[in-house]
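S.K.: Got a structure for you, entry-v2.cif, holding mmCIF, C-alpha atoms and all ligand atoms.
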```cif
data_model
#
loop_
_atom_site.label_atom_id
_atom_site.label_comp_id
_atom_site.auth_asym_id
_atom_site.auth_seq_id
_atom_site.Cartn_x
_atom_site.Cartn_y
_atom_site.Cartn_z
CA MET A 21 11.64 -42.91 -4.51
CA SER A 22 11.52 -40.48 -1.63
CA VAL A 23 11.34 -36.74 -2.20
CA LEU A 24 14.90 -36.35 -0.91
CA GLU A 25 16.16 -38.99 -3.34
CA ASN A 26 14.33 -37.19 -6.15
CA ILE A 27 15.96 -33.92 -5.18
CA LYS A 28 19.41 -35.52 -5.06
CA GLU A 29 18.95 -37.14 -8.46
CA SER A 30 17.65 -33.96 -10.04
CA ILE A 31 20.54 -31.88 -8.67
CA LEU A 32 23.23 -34.40 -9.62
CA ALA A 33 21.84 -34.60 -13.19
CA SER A 34 21.96 -30.80 -13.63
CA ASN A 35 24.87 -28.58 -14.57
CA SER A 36 23.44 -25.11 -14.58
CA ILE A 37 21.10 -24.31 -11.73
CA VAL A 38 19.17 -21.14 -10.88
CA ILE A 39 17.87 -20.38 -7.39
CA LEU A 40 14.83 -18.11 -6.91
CA THR A 41 12.88 -16.85 -3.93
CA HIS A 42 9.91 -14.61 -3.15
CA GLU A 43 9.77 -10.86 -3.80
CA ASN A 44 10.52 -8.52 -0.88
CA PRO A 45 12.83 -11.26 0.37
CA ASP A 46 13.31 -11.69 4.12
CA GLY A 47 16.18 -13.30 6.04
CA ASP A 48 14.90 -16.82 5.39
CA ALA A 49 14.54 -16.15 1.65
CA VAL A 50 18.00 -14.63 1.21
CA GLY A 51 19.69 -16.96 3.72
CA SER A 52 18.30 -20.12 2.13
CA SER A 53 19.14 -18.93 -1.40
CA LEU A 54 22.77 -18.17 -0.53
CA ALA A 55 23.20 -21.34 1.56
CA MET A 56 21.91 -23.46 -1.33
CA MET A 57 24.17 -21.66 -3.81
CA LEU A 58 27.28 -22.11 -1.63
CA ALA A 59 26.45 -25.79 -1.03
CA LEU A 60 25.89 -26.58 -4.72
CA LYS A 61 29.07 -24.75 -5.74
CA LYS A 62 30.95 -27.07 -3.39
CA ILE A 63 29.92 -30.02 -5.56
CA GLY A 64 30.96 -28.22 -8.74
CA LYS A 65 27.65 -26.92 -10.04
CA LYS A 66 27.23 -23.66 -11.95
CA VAL A 67 24.71 -21.78 -9.80
CA ASP A 68 23.02 -18.39 -10.11
CA VAL A 69 20.91 -16.76 -7.42
CA VAL A 70 18.50 -14.24 -8.96
CA ILE A 71 16.90 -11.67 -6.62
CA PRO A 72 15.71 -8.53 -8.45
CA SER A 73 15.64 -6.29 -5.38
CA LEU A 74 16.78 -6.68 -1.77
CA ASN A 75 17.74 -4.61 1.24
CA LYS A 76 21.42 -3.72 1.74
CA MET A 77 21.40 -5.23 5.24
CA TYR A 78 21.94 -8.66 3.67
CA ASP A 79 25.42 -7.63 2.56
CA ILE A 80 27.00 -9.33 5.59
CA LEU A 81 26.02 -12.74 4.20
CA PRO A 82 28.63 -14.78 2.32
CA GLY A 83 27.82 -14.90 -1.40
CA TYR A 84 25.89 -11.60 -1.37
CA GLU A 85 28.11 -10.09 -4.11
CA ASP A 86 27.22 -12.98 -6.42
CA ILE A 87 23.46 -12.30 -6.35
CA LYS A 88 22.19 -11.37 -9.81
CA LYS A 89 19.39 -8.89 -10.42
CA TYR A 90 18.27 -10.62 -13.61
CA ALA A 91 18.65 -14.05 -15.15
CA GLU A 92 20.90 -13.89 -18.24
CA GLU A 93 18.78 -13.64 -21.41
CA ASN A 94 20.26 -16.71 -23.02
CA ASP A 95 20.75 -18.80 -19.91
CA ASN A 96 18.84 -22.01 -20.19
CA TYR A 97 18.94 -23.57 -16.80
CA ASP A 98 18.70 -27.33 -16.37
CA LEU A 99 17.18 -26.84 -12.99
CA CYS A 100 15.39 -24.13 -11.04
CA ILE A 101 15.10 -24.34 -7.25
CA ALA A 102 12.42 -22.10 -5.68
CA LEU A 103 12.90 -21.46 -1.96
CA ASP A 104 10.55 -20.12 0.73
CA SER A 105 7.81 -19.40 -1.85
CA ALA A 106 4.31 -20.80 -1.38
CA ASP A 107 3.24 -20.41 -5.02
CA LEU A 108 4.44 -19.38 -8.45
CA GLU A 109 3.04 -15.83 -8.10
CA ARG A 110 5.32 -15.18 -5.12
CA LEU A 111 8.29 -15.43 -7.50
CA HIS A 112 6.88 -12.29 -9.11
CA SER A 113 9.13 -11.03 -11.94
CA CYS A 114 11.15 -14.28 -11.85
CA LYS A 115 8.12 -16.43 -12.65
CA GLU A 116 9.24 -16.89 -16.26
CA VAL A 117 12.70 -18.09 -15.26
CA PHE A 118 11.03 -20.84 -13.25
CA GLU A 119 8.70 -21.77 -16.10
CA LYS A 120 11.52 -21.92 -18.65
CA ALA A 121 13.74 -24.25 -16.60
CA GLU A 122 13.96 -27.91 -17.65
CA ASN A 123 13.28 -29.23 -14.15
CA THR A 124 12.07 -27.61 -10.96
CA ILE A 125 12.39 -28.20 -7.22
CA VAL A 126 10.39 -26.41 -4.52
CA ILE A 127 11.69 -26.32 -0.93
CA ASP A 128 9.51 -24.49 1.58
CA HIS A 129 7.83 -24.43 4.99
CA HIS A 130 4.55 -22.60 4.25
CA ILE A 131 1.47 -24.67 4.98
CA THR A 132 -0.23 -23.01 1.99
CA ASN A 133 2.42 -24.23 -0.47
CA GLN A 134 0.89 -25.19 -3.82
CA ASN A 135 3.50 -27.87 -4.63
CA PHE A 136 4.20 -26.12 -7.93
CA GLY A 137 7.53 -27.84 -8.64
CA ASP A 138 8.34 -31.16 -10.32
CA VAL A 139 9.67 -32.18 -6.92
CA ASN A 140 8.36 -30.57 -3.74
CA TYR A 141 9.94 -30.72 -0.30
CA VAL A 142 7.46 -28.86 1.87
CA ASN A 143 7.71 -29.47 5.59
CA ALA A 144 5.37 -27.02 7.26
CA ALA A 145 6.34 -28.29 10.71
CA ALA A 146 9.71 -26.56 10.39
CA SER A 147 10.49 -23.05 11.62
CA SER A 148 11.94 -21.93 8.32
CA THR A 149 13.05 -22.92 4.85
CA CYS A 150 16.63 -22.79 6.18
CA GLN A 151 15.76 -25.47 8.74
CA ASN A 152 14.43 -27.69 5.93
CA LEU A 153 17.51 -26.96 3.87
CA VAL A 154 19.76 -28.40 6.58
CA VAL A 155 18.04 -31.75 5.93
CA VAL A 156 18.40 -31.41 2.15
CA ILE A 157 22.08 -30.39 2.29
CA GLY A 158 22.73 -33.24 4.72
CA TYR A 159 21.08 -35.71 2.33
CA LEU A 160 23.33 -34.44 -0.48
CA ASP A 161 26.34 -35.26 1.76
CA ILE A 162 27.65 -31.71 1.55
CA ALA A 163 29.45 -30.53 4.70
CA ILE A 164 28.05 -27.33 6.20
CA SER A 165 30.87 -24.77 6.12
CA LYS A 166 30.99 -21.69 8.34
CA ASP A 167 29.75 -19.56 5.41
CA ILE A 168 26.81 -21.86 4.73
CA ALA A 169 26.04 -21.98 8.46
CA MET A 170 25.92 -18.19 8.68
CA CYS A 171 23.28 -18.04 5.92
CA LEU A 172 21.20 -20.86 7.41
CA TYR A 173 21.36 -19.43 10.93
CA THR A 174 20.17 -16.05 9.60
CA GLY A 175 17.06 -17.64 8.11
CA ILE A 176 16.21 -19.56 11.26
CA LEU A 177 16.88 -16.58 13.54
CA THR A 178 14.79 -14.12 11.53
CA ASP A 179 11.83 -16.42 10.73
CA THR A 180 11.46 -17.27 14.42
CA GLY A 181 11.70 -13.63 15.51
CA GLY A 182 14.88 -14.42 17.45
CA PHE A 183 13.88 -17.99 18.51
CA ARG A 184 10.51 -16.82 19.86
CA TYR A 185 7.84 -18.16 17.48
CA ASN A 186 7.35 -21.42 15.67
CA VAL A 187 10.38 -23.06 17.27
CA GLN A 188 10.75 -26.84 17.48
CA ILE A 189 13.22 -28.98 19.43
CA GLU A 190 15.02 -29.54 16.10
CA THR A 191 15.35 -25.78 15.65
CA PHE A 192 17.68 -25.60 18.67
CA GLU A 193 19.46 -28.82 17.72
CA ILE A 194 20.18 -27.44 14.26
CA ALA A 195 21.16 -24.02 15.66
CA ALA A 196 23.64 -25.76 17.98
CA MET A 197 25.09 -27.67 15.04
CA LEU A 198 25.48 -24.42 13.06
CA LEU A 199 27.07 -22.70 16.06
CA GLU A 200 29.73 -25.43 16.11
CA THR A 201 31.10 -24.09 12.80
CA GLY A 202 32.19 -20.94 14.66
CA ILE A 203 29.67 -18.42 13.34
CA ASP A 204 29.39 -15.10 15.19
CA ILE A 205 25.77 -15.18 16.38
CA ALA A 206 26.00 -11.84 18.21
CA LYS A 207 27.05 -10.14 14.99
CA ILE A 208 24.20 -11.79 13.04
CA TYR A 209 21.66 -10.81 15.72
CA ARG A 210 22.81 -7.20 15.83
CA ASN A 211 22.78 -6.91 12.04
CA PHE A 212 19.22 -8.17 11.60
CA PHE A 213 17.50 -6.99 14.80
CA ASP A 214 19.30 -3.99 16.28
CA LEU A 215 21.29 -2.21 13.60
CA THR A 216 19.43 0.73 12.10
CA THR A 217 20.05 3.96 10.18
CA MET A 218 19.48 7.58 11.09
CA ALA A 219 16.66 7.76 8.51
CA ARG A 220 14.88 4.78 10.04
CA THR A 221 15.24 6.15 13.54
CA LYS A 222 13.92 9.59 12.54
CA VAL A 223 10.90 8.18 10.72
CA LEU A 224 10.18 5.90 13.68
CA GLY A 225 10.23 9.03 15.85
CA LYS A 226 7.63 10.64 13.56
CA ALA A 227 5.41 7.59 13.71
CA LEU A 228 5.70 7.30 17.50
CA ASP A 229 4.84 10.96 17.89
CA ARG A 230 1.58 10.39 16.00
CA LEU A 231 0.71 7.13 17.72
CA GLU A 232 -2.78 7.17 19.27
CA LEU A 233 -4.95 4.67 21.10
CA LEU A 234 -8.53 4.09 19.91
CA SER A 235 -11.43 1.80 20.87
CA ASN A 236 -10.82 1.98 24.62
CA GLY A 237 -7.11 1.49 24.21
CA LYS A 238 -7.48 -1.78 22.30
CA VAL A 239 -6.33 -0.34 18.96
CA ALA A 240 -3.08 1.53 18.31
CA PHE A 241 -2.88 3.65 15.18
CA THR A 242 -0.13 5.60 13.45
CA TYR A 243 1.06 6.57 9.97
CA ILE A 244 3.74 8.21 7.90
CA THR A 245 3.18 10.44 4.88
CA LYS A 246 4.75 10.84 1.47
CA GLU A 247 6.44 14.00 2.76
CA ASP A 248 8.11 12.01 5.56
CA GLU A 249 9.33 9.47 3.00
CA GLU A 250 10.87 12.22 0.88
CA LYS A 251 12.34 14.11 3.82
CA TYR A 252 14.14 11.07 5.19
CA ASP A 253 14.89 9.47 1.81
CA LEU A 254 13.54 6.08 2.87
CA MET A 255 14.45 2.77 1.27
CA ASP A 256 12.62 -0.55 0.97
CA GLY A 257 12.41 -2.15 4.37
CA ASP A 258 12.88 1.08 6.31
CA HIS A 259 9.31 0.85 7.65
CA GLU A 260 9.78 -2.68 8.88
CA GLY A 261 8.86 -3.03 12.53
CA ILE A 262 7.16 0.35 13.10
CA VAL A 263 3.82 -1.44 13.51
CA ASN A 264 5.22 -3.49 16.41
CA TYR A 265 5.58 -0.48 18.71
CA GLY A 266 1.80 -0.04 18.91
CA ARG A 267 1.27 -3.79 19.31
CA ASP A 268 3.58 -3.89 22.32
CA ILE A 269 1.65 -1.34 24.38
CA GLU A 270 -0.25 -2.88 27.30
CA ASN A 271 -3.95 -3.71 26.65
CA VAL A 272 -3.59 -3.18 22.88
CA GLU A 273 -5.01 -6.02 20.80
CA VAL A 274 -4.41 -4.60 17.32
CA SER A 275 -1.83 -2.20 15.94
CA ILE A 276 -2.34 -0.42 12.61
CA PHE A 277 0.42 1.29 10.66
CA VAL A 278 -0.43 3.19 7.47
CA ARG A 279 2.10 4.32 4.93
CA GLN A 280 1.27 6.65 2.07
CA ILE A 281 2.58 5.56 -1.33
CA ASP A 282 1.69 7.97 -4.14
CA GLU A 283 -2.11 8.21 -4.02
CA LYS A 284 -2.53 4.92 -2.19
CA TYR A 285 -2.14 3.70 1.37
CA LYS A 286 -0.32 0.60 2.45
CA VAL A 287 -1.61 -0.84 5.72
CA SER A 288 0.13 -3.22 8.14
CA MET A 289 -1.81 -4.76 11.00
CA ARG A 290 -0.64 -6.85 13.95
CA SER A 291 -2.71 -8.50 16.64
CA ASN A 292 -1.68 -9.91 20.00
CA GLU A 293 -4.04 -12.63 21.14
CA TYR A 294 -7.30 -13.50 19.44
CA LEU A 295 -8.18 -11.04 16.70
CA ASP A 296 -7.73 -12.33 13.14
CA VAL A 297 -6.37 -9.39 11.10
CA SER A 298 -6.07 -11.56 7.96
CA LEU A 299 -9.90 -11.62 7.72
CA ILE A 300 -9.96 -7.82 7.51
CA ALA A 301 -7.01 -7.67 5.13
CA SER A 302 -8.51 -10.19 2.72
CA LYS A 303 -11.91 -8.45 2.78
CA TYR A 304 -10.16 -5.37 1.33
CA GLY A 305 -7.92 -7.09 -1.18
CA GLY A 306 -4.93 -7.91 1.01
CA GLY A 307 -3.83 -10.97 2.92
CA GLY A 308 -1.50 -12.46 5.48
CA HIS A 309 -1.64 -14.43 8.68
CA MET A 310 -3.94 -14.30 11.69
CA LYS A 311 -1.61 -12.05 13.69
CA ALA A 312 0.15 -10.23 10.85
CA ALA A 313 -1.60 -9.01 7.72
CA GLY A 314 -1.66 -6.13 5.27
CA LEU A 315 -3.42 -4.49 2.37
CA THR A 316 -3.18 -1.60 -0.08
CA SER A 317 -6.13 0.77 -0.41
CA ASN A 318 -7.41 3.56 -2.66
CA MET A 319 -9.71 4.94 0.03
CA SER A 320 -9.13 8.40 1.46
CA PHE A 321 -7.04 8.42 4.63
CA ASP A 322 -9.96 9.24 6.92
CA LEU A 323 -12.31 6.68 5.40
CA LEU A 324 -9.60 4.02 5.52
CA LYS A 325 -8.93 4.67 9.20
CA GLN A 326 -12.66 4.61 10.04
CA THR A 327 -13.23 1.44 8.05
CA LEU A 328 -10.34 -0.47 9.63
CA VAL A 329 -11.26 0.57 13.16
CA ALA A 330 -14.93 -0.38 12.56
CA GLU A 331 -13.90 -3.81 11.21
CA ILE A 332 -11.65 -4.39 14.20
CA GLU A 333 -14.36 -3.34 16.65
CA LYS A 334 -16.66 -6.06 15.25
CA GLN A 335 -14.11 -8.64 16.43
CA LEU A 336 -12.98 -7.01 19.70
CA LYS A 337 -13.89 -8.77 22.91
MN MN B 401 10.38 -18.50 5.63
#
```
As C-alpha cells, please, write out the structure in this file.
M.R.:
Amino acid sequence: MSVLENIKESILASNSIVILTHENPDGDAVGSSLAMMLALKKIGKKVDVVIPSLNKMYDILPGYEDIKKYAEENDNYDLCIALDSADLERLHSCKEVFEKAENTIVIDHHITNQNFGDVNYVNAAASSTCQNLVVVIGYLDIAISKDIAMCLYTGILTDTGGFRYNVQIETFEIAAMLLETGIDIAKIYRNFFDLTTMARTKVLGKALDRLELLSNGKVAFTYITKEDEEKYDLMDGDHEGIVNYGRDIENVEVSIFVRQIDEKYKVSMRSNEYLDVSLIASKYGGGGHMKAAGLTSNMSFDLLKQTLVAEIEKQLK
C-alpha cells in the first residue's frame, strides 16, 4: 500500500482526530493545522487542533477560534496527525498527546524528519507542509474550499518568504489553483509581511539605532535589552525580522541580533552567501540552518559578542 493509501485508510477508520504542530508555530504550522482540520470536518470527523501558544496575527485564518490550548484530559484520540514537525521533541508540551493516540500520521517537508509516526508522508522537495497537504487532501477527495485555500496559501507564502526561496514549479501551480477559489492574496500578504504594531516599530527603531558594522563591514550587530522589552510590552514574535535589517546591508555576510531574556541572551544569526551560521549555533548549544540559526547563552553580553564575532571571523572570506 502506498503512503497516501495508508493515510486515507487511517483517517477513514478514525472518529476523533487531534492535529498537532511544532512550538512557536509559523504560518506553515498554523496554516496546515487549520487546513487539515477544516478538510476533515468536511467529511464528518471530530477534529481538535491543539496549539498551546501562538501569535495573534493568525486570527485572520478561518478556524482560528476553534484552536485549543490544551488537549482535553479525558480525550482519547483515535488518531493524531503531526504537521510540519521534524521530530517528536518539536511537539514540545504536546508530545504526550501524540504518544497517547491510538494511531499517528506525520506530514512534513523537513529533510531531517525522523519519520516518527505510524505513517509518514515526508516530501522534502516541497516548499512547505501546506504544499504537501494539497496532495493529501486531494487524495482524500475533499474539495478545497475558499477557507481551506486561505490556510494553505498562508503556509506556502510564509515558508517561501513570499515565493522567494525553495519554490518549485508545483508551488506556483498549486498557488494558482488556490487563487481560483477567490482568496484575497493581497490581504494575506499584508497580514503576514507588512502589518505591524506600534510596539514592534518602536523596538525596531531601538535596534536600528544600535546597529553597528564589525569585521570590515562583514558583520552587522545589534541587540535589545530587558528594559526595552518592558518599556514596549513586547509579545512573542515581536522580534521576528529585526535580524534581517543587518543582513540586508550591502557587503554584510552575517547579521547578529541579541535579545536579553532574564539573565540569558537569545541570539539570532543570518548569513547571505557562504557562511554557515548553524555550525556556530550548534557549537554553543543551538541549531538551525546554514543561513538562519540561533542559540541561547549564559555568557556575559560582552563575552558573547566577542565569541560570536571571533567564530564568524574564522569563516569569513
Ligand atoms: Mn514548514
S.K.: When the cut-off is 9 Å and you count all atoms listed in the file, which residues lie near ligand MN 401 (chain B), shown as a list of chain:residue names?
M.R.: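 Counting only what the definition allows, namely all atoms listed in the file, the set is A:Asp46, A:Gly47, A:Asp48, A:Ala49, A:Ser52, A:Leu103, A:Asp104, A:Ser105, A:Asp128, A:His129, A:His130, A:Ser147, A:Ser148, A:Thr149, A:Cys150, A:Gly175, A:Ile176, A:Thr178, A:Asp179, A:Thr180.
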S.K.: Which residues are near Phe118 (chain A)? Cut-off 8 Å, only C-alpha atoms, ignore same chain within fewer than 4 positions. Put them as a PDB file with C-alpha atoms, keeping the file's coordinate frame.
M.R.:
```pdb
ATOM      1  CA  LEU A  40      14.830 -18.110  -6.910  1.00  0.00           C
ATOM      2  CA  CYS A 100      15.390 -24.130 -11.040  1.00  0.00           C
ATOM      3  CA  ALA A 102      12.420 -22.100  -5.680  1.00  0.00           C
ATOM      4  CA  CYS A 114      11.150 -14.280 -11.850  1.00  0.00           C
ATOM      5  CA  THR A 124      12.070 -27.610 -10.960  1.00  0.00           C
TER       6      THR A 124
END
```
S.K.: Please, what distance in Å, to one decimal, runs between CA of Arg210 (chain A) and CA of Thr41 (chain A)?
M.R.: 24.1 Å
S.K.: Find the spatial neighbours of Glu333 (chain A), counting only C-alpha atoms, within a cut-off of 12 Å - ignore same-chain residues fewer than 4 positions away - and output them as a list of chain:residue names.
M.R.: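 Near neighbours after the sequence-gap exclusion: A:Leu234, A:Ser235, A:Asn236, A:Gly237, A:Lys238, A:Val239, A:Glu273, A:Val274, A:Leu295, A:Asp296, A:Val297, A:Ile300, A:Gln326, A:Thr327, A:Leu328, A:Val329, A:Lys337.
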S.K.: Include C-alpha atoms and write out the residues we just selected as a short mmCIF file (atom, residue, chain, number, x, y, z; two decimals), in the coordinates of the input.
M.R.:
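Once everything was written out, this is out36.cif:
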```
data_model
loop_
_atom_site.label_atom_id
_atom_site.label_comp_id
_atom_site.auth_asym_id
_atom_site.auth_seq_id
_atom_site.Cartn_x
_atom_site.Cartn_y
_atom_site.Cartn_z
CA LEU A 234 -8.53 4.09 19.91
CA SER A 235 -11.43 1.80 20.87
CA ASN A 236 -10.82 1.98 24.62
CA GLY A 237 -7.11 1.49 24.21
CA LYS A 238 -7.48 -1.78 22.30
CA VAL A 239 -6.33 -0.34 18.96
CA GLU A 273 -5.01 -6.02 20.80
CA VAL A 274 -4.41 -4.60 17.32
CA LEU A 295 -8.18 -11.04 16.70
CA ASP A 296 -7.73 -12.33 13.14
CA VAL A 297 -6.37 -9.39 11.10
CA ILE A 300 -9.96 -7.82 7.51
CA GLN A 326 -12.66 4.61 10.04
CA THR A 327 -13.23 1.44 8.05
CA LEU A 328 -10.34 -0.47 9.63
CA VAL A 329 -11.26 0.57 13.16
CA LYS A 337 -13.89 -8.77 22.91
#
```
S.K.: In terms of the shortest atom-to-atom distance over only C-alpha atoms, which of A:Gln151, A:Glu190, A:Lys303, A:Thr201 is closest to Ala169 (chain A)?
M.R.: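 Once distances to Ala169 (chain A) are computed over only C-alpha atoms, the minimum belongs to A:Thr201.
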S.K.: Please return as a VMD selection string every residue within 12 Å of (11.7, -1.7, 7.7), taking into account all atoms listed in the file and the file's own coordinates.
M.R.: chain A and resid 44 46 74 to 77 212 to 217 219 to 221 223 to 224 254 to 264 279 288
S.K.: Could you pull the residues within 10 Å of Asn318 (chain A), counting only C-alpha atoms, minus those fewer than 6 positions along the same chain, as a VMD selection string?
M.R.: chain A and resid 283 to 286 324
S.K.: Name the residues within 7 Å of (21.0, -27.9, -0.7), counting all atoms listed in the file in the file's coordinates, and put them as a compact mmCIF listing (two decimals) with C-alpha atoms, in the coordinates of the input.
M.R.:
```
# COMPACT_ATOMS: atom_id res chain seq x y z
CA MET A 56 21.91 -23.46 -1.33
CA ALA A 59 26.45 -25.79 -1.03
CA LEU A 60 25.89 -26.58 -4.72
CA LEU A 153 17.51 -26.96 3.87
CA VAL A 156 18.40 -31.41 2.15
CA ILE A 157 22.08 -30.39 2.29
CA LEU A 160 23.33 -34.44 -0.48
```
S.K.: What is the distance, in Å and to one decimal place, between CA of Lys28 (chain A) and CA of Ala195 (chain A)?
M.R.: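 So the answer is 23.8 Å.
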S.K.: Provide the CA of Lys246 (chain A) to CA of Phe277 (chain A) distance in Å, to one decimal place.
M.R.: 13.9 Å
S.K.: Identify which of the residues A:Val287, A:Ser73, A:Lys222, A:Met319 lies closest to Lys251 (chain A), counting only C-alpha atoms when measuring atom-to-atom distances.
M.R.: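 Result for the nearest residue to Lys251 (chain A): A:Lys222.
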S.K.: With only C-alpha atoms as the atoms that count, which of A:Ile205, A:Ile276, A:Ile87, A:Ile164 lies nearest to Ala240 (chain A)?
M.R.: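 Using only C-alpha atoms, Ala240 (chain A) sits closest to A:Ile276.
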